[in-house]
Every structure is written in C-alpha cells, then in structure tokens.
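Structure data follow from protein.cif (mmCIF, C-alpha atoms and all ligand atoms):
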```cif
data_run
#
loop_
_atom_site.label_atom_id
_atom_site.label_comp_id
_atom_site.auth_asym_id
_atom_site.auth_seq_id
_atom_site.Cartn_x
_atom_site.Cartn_y
_atom_site.Cartn_z
CA MET C 1 -46.26 3.07 -5.52
CA ASP C 2 -47.98 3.39 -2.14
CA ILE C 3 -46.33 5.28 0.67
CA GLY C 4 -45.14 2.12 2.44
CA SER C 5 -43.41 0.73 -0.66
CA THR C 6 -41.97 4.14 -1.46
CA LEU C 7 -40.50 4.50 2.02
CA TYR C 8 -39.16 0.99 1.83
CA HIS C 9 -37.60 1.73 -1.56
CA LEU C 10 -36.02 4.87 -0.13
CA GLN C 11 -34.59 2.82 2.74
CA GLU C 12 -33.16 0.28 0.30
CA LEU C 13 -31.46 3.02 -1.70
CA ASP C 14 -30.00 4.61 1.41
CA THR C 15 -28.82 1.28 2.81
CA GLU C 16 -27.04 0.61 -0.46
CA LYS C 17 -25.61 4.14 -0.42
CA ASP C 18 -24.27 3.63 3.13
CA ALA C 19 -22.60 0.36 2.14
CA ALA C 20 -21.09 1.92 -0.99
CA GLN C 21 -19.73 4.85 1.02
CA ARG C 22 -18.24 2.54 3.65
CA ARG C 23 -16.51 0.51 0.95
CA LEU C 24 -15.25 3.69 -0.73
CA SER C 25 -13.63 4.78 2.54
CA GLU C 26 -12.00 1.37 2.84
CA ILE C 27 -10.68 1.63 -0.71
CA GLU C 28 -9.34 5.12 -0.13
CA ALA C 29 -7.51 3.88 2.94
CA VAL C 30 -5.71 1.11 1.02
CA LEU C 31 -5.03 3.00 -2.20
CA GLY C 32 -1.45 4.15 -2.44
CA GLU C 33 1.74 2.44 -1.43
CA ASN C 34 1.51 -0.45 1.01
CA GLU C 35 4.07 -1.66 3.56
CA ALA C 36 5.24 -4.60 1.42
CA LEU C 37 6.08 -2.29 -1.47
CA LYS C 38 7.86 0.21 0.78
CA ARG C 39 9.91 -2.58 2.36
CA ALA C 40 10.82 -4.07 -1.05
CA ARG C 41 11.92 -0.65 -2.33
CA HIS C 42 13.99 -0.04 0.79
CA ALA C 43 15.67 -3.45 0.48
CA LEU C 44 16.47 -2.78 -3.18
CA LYS C 45 17.97 0.60 -2.35
CA THR C 46 20.15 -0.93 0.38
CA ALA C 47 21.34 -3.67 -1.99
CA GLN C 48 22.15 -1.08 -4.69
CA GLU C 49 24.14 0.99 -2.21
CA GLN C 50 26.14 -2.07 -1.12
CA LEU C 51 26.87 -2.93 -4.73
CA LYS C 52 28.02 0.61 -5.41
CA LYS C 53 30.19 0.62 -2.30
CA TRP C 54 31.97 -2.62 -3.17
CA SER C 55 32.52 -1.81 -6.80
CA LYS C 56 34.01 1.55 -5.80
CA GLN C 57 36.21 -0.27 -3.29
CA GLN C 58 37.39 -2.68 -5.96
CA ARG C 59 38.22 0.13 -8.39
CA GLU C 60 40.18 2.02 -5.75
CA LEU C 61 42.16 -1.06 -4.74
CA ASP C 62 42.93 -1.82 -8.39
CA LEU C 63 44.30 1.69 -8.83
CA GLN C 64 46.36 1.55 -5.63
CA ILE C 65 47.86 -1.82 -6.60
CA GLN C 66 48.66 -0.54 -10.05
CA SER C 67 50.33 2.55 -8.64
CA ILE C 68 52.45 0.48 -6.23
CA ALA C 69 53.46 -1.87 -9.04
CA ASN C 70 54.58 1.10 -11.14
CA LYS C 71 56.53 2.55 -8.26
CA ARG C 72 58.21 -0.78 -7.63
CA ALA C 73 59.07 -1.18 -11.31
CA ARG C 74 60.69 2.26 -11.31
CA SER C 75 62.70 1.44 -8.17
CA GLU C 76 63.82 -1.91 -9.57
CA LYS C 77 64.83 -0.31 -12.82
CA ARG C 78 66.91 2.20 -10.89
CA LEU C 79 68.37 -0.51 -8.69
CA TYR C 80 69.56 -2.57 -11.65
CA SER C 81 70.50 0.36 -13.86
CA GLY C 82 73.99 0.59 -12.46
CA GLU C 83 73.50 4.32 -11.98
CA VAL C 84 73.29 4.02 -8.21
CA THR C 85 76.57 3.14 -6.61
CA ASN C 86 76.20 4.57 -3.13
CA PRO C 87 75.70 1.54 -0.78
CA LYS C 88 73.35 3.47 1.54
CA GLU C 89 71.16 4.45 -1.41
CA LEU C 90 71.23 0.88 -2.74
CA THR C 91 70.10 -0.48 0.63
CA ASP C 92 67.35 2.11 0.83
CA LEU C 93 66.14 1.17 -2.63
CA GLN C 94 66.16 -2.50 -1.73
CA SER C 95 64.13 -1.96 1.42
CA GLU C 96 61.70 0.32 -0.42
CA ILE C 97 61.12 -2.45 -2.96
CA THR C 98 60.49 -4.98 -0.18
CA SER C 99 58.13 -2.63 1.59
CA LEU C 100 56.20 -1.95 -1.64
CA GLN C 101 55.97 -5.67 -2.24
CA ARG C 102 54.51 -6.18 1.27
CA ARG C 103 52.05 -3.35 0.80
CA LYS C 104 50.96 -4.75 -2.57
CA ARG C 105 50.33 -8.20 -1.11
CA LYS C 106 48.20 -6.72 1.65
CA LEU C 107 46.17 -4.73 -0.88
CA GLU C 108 45.75 -7.81 -3.04
CA ASP C 109 44.21 -9.62 -0.06
CA GLU C 110 41.85 -6.72 0.43
CA LEU C 111 41.02 -6.78 -3.27
CA LEU C 112 40.12 -10.45 -3.06
CA GLU C 113 37.78 -9.74 -0.17
CA ALA C 114 36.25 -6.84 -2.05
CA MET C 115 35.70 -9.04 -5.11
CA ILE C 116 33.92 -11.66 -3.02
CA ALA C 117 31.79 -9.00 -1.36
CA LEU C 118 31.07 -7.48 -4.75
CA GLU C 119 29.88 -10.79 -6.14
CA GLU C 120 27.68 -11.35 -3.10
CA SER C 121 26.22 -7.88 -3.35
CA GLU C 122 25.52 -8.44 -7.06
CA ASN C 123 23.50 -11.55 -6.18
CA ALA C 124 21.72 -9.72 -3.36
CA GLN C 125 20.90 -6.86 -5.70
CA THR C 126 19.49 -9.24 -8.35
CA GLN C 127 17.31 -10.91 -5.75
CA ALA C 128 16.14 -7.60 -4.29
CA GLN C 129 15.29 -6.37 -7.80
CA GLN C 130 13.27 -9.52 -8.55
CA HIS C 131 11.43 -9.24 -5.25
CA PHE C 132 10.69 -5.58 -5.86
CA ASP C 133 9.44 -6.20 -9.43
CA GLN C 134 7.17 -9.00 -8.22
CA THR C 135 5.82 -6.96 -5.30
CA GLU C 136 5.29 -3.94 -7.52
CA SER C 137 3.41 -5.88 -10.18
CA GLN C 138 1.15 -7.45 -7.54
CA TRP C 139 0.58 -4.01 -6.08
CA LEU C 140 -0.19 -2.50 -9.49
CA GLY C 141 -2.76 -5.25 -10.15
CA GLN C 142 -4.36 -4.68 -6.79
CA GLN C 143 -4.45 -0.91 -7.34
CA ALA C 144 -6.09 -1.38 -10.75
CA ASN C 145 -8.79 -3.60 -9.21
CA LEU C 146 -9.41 -1.16 -6.39
CA LYS C 147 -9.62 1.77 -8.78
CA ALA C 148 -12.09 -0.11 -11.00
CA GLU C 149 -14.21 -0.92 -7.94
CA GLN C 150 -13.97 2.68 -6.78
CA GLN C 151 -15.23 3.92 -10.15
CA GLN C 152 -18.08 1.43 -10.15
CA LEU C 153 -19.16 2.49 -6.66
CA GLN C 154 -18.95 6.16 -7.57
CA SER C 155 -21.22 5.70 -10.59
CA ARG C 156 -23.62 3.61 -8.50
CA LEU C 157 -23.76 6.44 -5.96
CA ILE C 158 -24.74 8.85 -8.72
CA GLU C 159 -27.49 6.44 -9.84
CA ILE C 160 -28.76 6.17 -6.27
CA GLN C 161 -28.73 9.94 -5.98
CA GLN C 162 -30.78 10.20 -9.20
CA ALA C 163 -33.22 7.48 -8.09
CA ARG C 164 -33.64 9.24 -4.76
CA ALA C 165 -34.44 12.52 -6.54
CA LYS C 166 -37.12 10.77 -8.59
CA LEU C 167 -39.09 9.50 -5.57
CA PRO C 168 -42.82 10.10 -5.92
CA PRO C 169 -44.14 13.26 -4.31
CA GLN C 170 -46.39 11.47 -1.79
CA ILE C 171 -43.46 11.52 0.62
CA SER C 172 -44.01 14.85 2.29
CA THR C 173 -41.18 16.98 3.60
CA ASP C 174 -42.36 16.11 7.13
CA LYS C 175 -42.18 12.38 6.48
CA LEU C 176 -38.77 12.74 4.87
CA ALA C 177 -37.49 14.73 7.84
CA ALA C 178 -38.85 12.10 10.25
CA TYR C 179 -37.23 9.41 8.15
CA ASP C 180 -33.85 11.19 8.19
CA THR C 181 -33.99 11.71 11.97
CA LEU C 182 -34.86 8.05 12.51
CA ARG C 183 -32.06 6.93 10.24
CA ALA C 184 -29.58 8.99 12.20
CA LYS C 185 -30.81 7.48 15.49
CA LYS C 186 -31.18 3.87 14.32
CA SER C 187 -27.82 3.20 12.65
CA GLY C 188 -29.20 3.99 9.22
CA LEU C 189 -32.23 1.70 9.39
CA ALA C 190 -35.45 3.71 9.65
CA VAL C 191 -37.90 1.62 7.60
CA VAL C 192 -38.49 -2.10 8.16
CA LYS C 193 -40.91 -4.66 6.81
CA ILE C 194 -43.47 -6.31 9.00
CA ASN C 195 -42.18 -9.75 9.91
CA GLY C 196 -45.17 -11.99 10.56
CA ASP C 197 -46.80 -10.19 13.45
CA ALA C 198 -43.60 -8.53 14.63
CA CYS C 199 -41.53 -5.46 13.82
CA GLY C 200 -38.82 -6.37 11.29
CA GLY C 201 -36.41 -4.09 13.13
CA CYS C 202 -36.63 -5.01 16.82
CA GLY C 203 -38.71 -8.23 16.66
CA VAL C 204 -41.32 -7.06 19.16
CA SER C 205 -44.89 -8.13 18.36
CA ILE C 206 -47.12 -5.41 17.08
CA THR C 207 -50.44 -4.63 18.69
CA PRO C 208 -53.77 -5.12 16.88
CA ALA C 209 -54.18 -1.35 16.91
CA LEU C 210 -50.88 -0.91 15.13
CA LYS C 211 -51.83 -3.61 12.66
CA TRP C 212 -55.02 -1.77 11.88
CA GLU C 213 -53.09 1.47 11.45
CA LEU C 214 -50.73 -0.30 9.09
CA ARG C 215 -53.63 -1.44 6.96
CA GLN C 216 -55.20 1.98 6.92
CA GLN C 217 -52.16 4.15 6.39
CA GLU C 218 -49.69 1.70 4.79
CA MET C 219 -47.18 2.60 7.50
CA ALA C 220 -46.94 2.82 11.28
CA TYR C 221 -44.35 3.58 13.91
CA CYS C 222 -43.18 0.63 16.02
CA GLY C 223 -44.20 1.16 19.65
CA ASN C 224 -40.94 -0.37 20.82
CA CYS C 225 -38.07 0.79 18.56
CA GLY C 226 -39.83 3.69 16.91
CA ARG C 227 -38.94 2.58 13.37
CA ILE C 228 -41.37 2.91 10.48
CA ILE C 229 -43.00 -0.44 9.78
CA VAL C 230 -44.40 -1.00 6.29
CA PRO C 231 -46.62 -3.89 5.17
CA VAL C 232 -44.54 -4.66 2.09
ZN ZN W 1 -39.52 -2.16 16.32
#
```
Representation of the structure as structure tokens:
Amino acid sequence: MDIGSTLYHLQELDTEKDAAQRRLSEIEAVLGENEALKRARHALKTAQEQLKKWSKQQRELDLQIQSIANKRARSEKRLYSGEVTNPKELTDLQSEITSLQRRKRKLEDELLEAMIALEESENAQTQAQQHFDQTESQWLGQQANLKAEQQQLQSRLIEIQQARAKLPPQISTDKLAAYDTLRAKKSGLAVVKINGDACGGCGVSITPALKWELRQQEMAYCGNCGRIIVPV
C-alpha cells in the first residue's frame, strides 16, 4: 500500500472508531431504567398501597361491627333475662341497645363505602400491574438490544485497534503526529480524497503545483484547509 492509501485507510479506521465511540456513549446514556418504567413502578406502588389501605379498613370495620353486635346481644340477653328489675337500669340498658344499634348502622355504611373503594382499588391495582409488566417487558427487550449493540461495537473497536497497530511502517512517527494534530483540529477528518480537481475536504480547487506534488509524493497538504489530500 502506498502512503496515500495507507493514510486514507488510517482515516477510515479512525472515522469508524469515532462513530462507534459516539454510539457507545449514546447507549451508555440510555442503558438503565427509563422514565416510563419508573413511572409505571411508582403507579403500581401507589395502587398497591391503596389496596392495602382499603382492605385494612374493611377488616377493622368488620371487627368493630362484630364487637358491637356481641355487646348488643349481651345487653339484650340481660334485658330479657328478668334479672334486672330496677327501672333506671332497664331504661339505661334500653338506651344502650339503641345507641349500639345506631353506631352499628353507621359503621355498616362505612363498611359499604370501604368495600366499594376496595373493589375499585383492586381494579386499579390489576391495571397498574398489567401496565408495569408491559412496560418492563418492552424495556427488557430494548435493554437486550442495546447491550447486544454495545458488545458488537466494543469488539469492532478492538478490531480497529488491531488493524491500526498493523499499519505498514512507511507512516513515520512525524507523519502520524501531523495526522493526529490535524484530526484534532479538523473535527476528526485529517485525510481526504482528491475530488476532481478540488480538495475533498473544503472543496477549494488545488493548484497545478499541488497536483504535481500529489503525483510525486502520493500526498499533499491542502493550501486552504490544511488537510492531507491523497490521490486515492
Ligand atoms: Zn482543503
């Protein structure tokens, strides 16, 4: 390979390396949990908490109602037992029974509300779970694709590294240093092909003298942009 082709090959490898590294940074930025997954998990957690709250509420109301019913049964038993004869005590028992009855009815209304809320929160929880599962499976698929692409790019970078190390020795250290400096200054593009009679980098026509130099040395520096032009 002549020096021009070798430099051009080097540029191709480095251009590919730059693109691979850019894509790897993009992948790294999107790997991990995304907003949709975080939101779905948060919604599921909220729905689960609501469900827990209402089922606890229902249990507590059930127990309270049961306890009032027992109390009332005891009072009624005592009232009709014939053991209590004192009129004041009988009246007190009667009003206690009435009050317990009122309290029980109020709690039963609350229980009905809790049961409705519980049913609604069960539905909400089912929906939130479905949404989370769907979002998570999409996310897992996306992560798998990104990881596969990441691996592919990483192996390609190793290949590029190896190909770069095997470049023929006609590229002197000086030329390589000039190439690296140019690449840093020219957004990564140091070596361009000749494009008709113009520089493939900046498009400015090349002088006859430069053309002659190109033919003689297989490379020349563009008088306008300073890039290395090769006659490939
Ligand atoms: Zn140029």
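Comparing C:Cys225, C:Trp54, C:Arg105, C:Lys175 by their smallest distance to C:Leu189, the closest is C:Cys225 (using only C-alpha atoms).
For the residues C:Tyr179, C:Tyr221, C:Phe132, C:Trp212, ranking by smallest atom-to-atom distance to C:Leu37 using all atoms listed in the file places C:Phe132 first.
Among all protein and nucleic acid residues, the ones that lie within 6 Å of ligand ZN 1 (chain W) when counting only C-alpha atoms and all ligand atoms are C:Cys199, C:Gly201, C:Cys202, C:Val204, C:Cys222, C:Asn224, C:Cys225, C:Gly226, C:Arg227.
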For C:Lys53, work out the shell of residues within 12 Å, counting only C-alpha atoms and skipping chain neighbours fewer than 2 positions away, then give it as number ranges by chain.
C: 46-51, 55-60, 114-115, 117-118, 121-122
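Here atom CA of C:Ile97 is placed at a distance of 12.1 Å from atom CA of C:Tyr80.
By only C-alpha atoms, and with residues fewer than 5 positions from C:Arg215 along its chain excluded, the set lying at most 10 Å from it is C:Ala209, C:Leu210, C:Ala220, C:Val230, C:Pro231.
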Next, the residues of the selection above should be written as a PDB file, in the coordinates of the input with C-alpha atoms.
```pdb
ATOM      1  CA  ALA C 209     -54.180  -1.350  16.910  1.00  0.00           C
ATOM      2  CA  LEU C 210     -50.880  -0.910  15.130  1.00  0.00           C
ATOM      3  CA  ALA C 220     -46.940   2.820  11.280  1.00  0.00           C
ATOM      4  CA  VAL C 230     -44.400  -1.000   6.290  1.00  0.00           C
ATOM      5  CA  PRO C 231     -46.620  -3.890   5.170  1.00  0.00           C
TER       6      PRO C 231
END
```
My list of candidates is C:Asn195, C:Ala73, C:Gly223, C:Glu119. Which is closest to C:Thr207 when distances are computed with all atoms listed in the file?
C:Gly223
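Taking atom CA of C:Arg39 and atom CA of C:Gln129 as the two end points, the separation is 12.1 Å.
One distance worth recording is that between atom CA of C:Lys193 and atom CA of C:Ile229, which is 5.6 Å.
For the choices C:Lys166, C:Arg41, C:Arg74, C:Lys104, the atom-to-atom distance to C:Asp133 is smallest for C:Arg41 when using all atoms listed in the file.
Shortest atom-to-atom contact with C:Glu136 among C:Ala40, C:Ile65, C:Leu13, C:Ala29: C:Ala40, counting only C-alpha atoms.
Take the candidates C:Thr6, C:Gln125, C:Ser25, C:Gln134 and check each one against C:Gln150 using only C-alpha atoms; the shortest distance goes to C:Ser25.
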Taking (-29.7, 1.7, 0.5) in the file's coordinates as the center, which residues reach within 12 Å of it, counting all atoms listed in the file, put as an mmCIF file with C-alpha atoms, in the frame of the given file?
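Saved as part_35.cif:
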```cif
data_model
loop_
_atom_site.group_PDB
_atom_site.id
_atom_site.type_symbol
_atom_site.label_atom_id
_atom_site.label_comp_id
_atom_site.auth_asym_id
_atom_site.auth_seq_id
_atom_site.Cartn_x
_atom_site.Cartn_y
_atom_site.Cartn_z
ATOM 1 C CA LEU C 7 -40.500 4.500 2.020
ATOM 2 C CA TYR C 8 -39.160 0.990 1.830
ATOM 3 C CA HIS C 9 -37.600 1.730 -1.560
ATOM 4 C CA LEU C 10 -36.020 4.870 -0.130
ATOM 5 C CA GLN C 11 -34.590 2.820 2.740
ATOM 6 C CA GLU C 12 -33.160 0.280 0.300
ATOM 7 C CA LEU C 13 -31.460 3.020 -1.700
ATOM 8 C CA ASP C 14 -30.000 4.610 1.410
ATOM 9 C CA THR C 15 -28.820 1.280 2.810
ATOM 10 C CA GLU C 16 -27.040 0.610 -0.460
ATOM 11 C CA LYS C 17 -25.610 4.140 -0.420
ATOM 12 C CA ASP C 18 -24.270 3.630 3.130
ATOM 13 C CA ALA C 19 -22.600 0.360 2.140
ATOM 14 C CA ALA C 20 -21.090 1.920 -0.990
ATOM 15 C CA GLN C 21 -19.730 4.850 1.020
ATOM 16 C CA ARG C 22 -18.240 2.540 3.650
ATOM 17 C CA ARG C 156 -23.620 3.610 -8.500
ATOM 18 C CA LEU C 157 -23.760 6.440 -5.960
ATOM 19 C CA GLU C 159 -27.490 6.440 -9.840
ATOM 20 C CA ILE C 160 -28.760 6.170 -6.270
ATOM 21 C CA GLN C 161 -28.730 9.940 -5.980
ATOM 22 C CA ALA C 163 -33.220 7.480 -8.090
ATOM 23 C CA ARG C 164 -33.640 9.240 -4.760
ATOM 24 C CA ARG C 183 -32.060 6.930 10.240
ATOM 25 C CA GLY C 188 -29.200 3.990 9.220
ATOM 26 C CA LEU C 189 -32.230 1.700 9.390
ATOM 27 C CA ALA C 190 -35.450 3.710 9.650
ATOM 28 C CA VAL C 191 -37.900 1.620 7.600
#
```
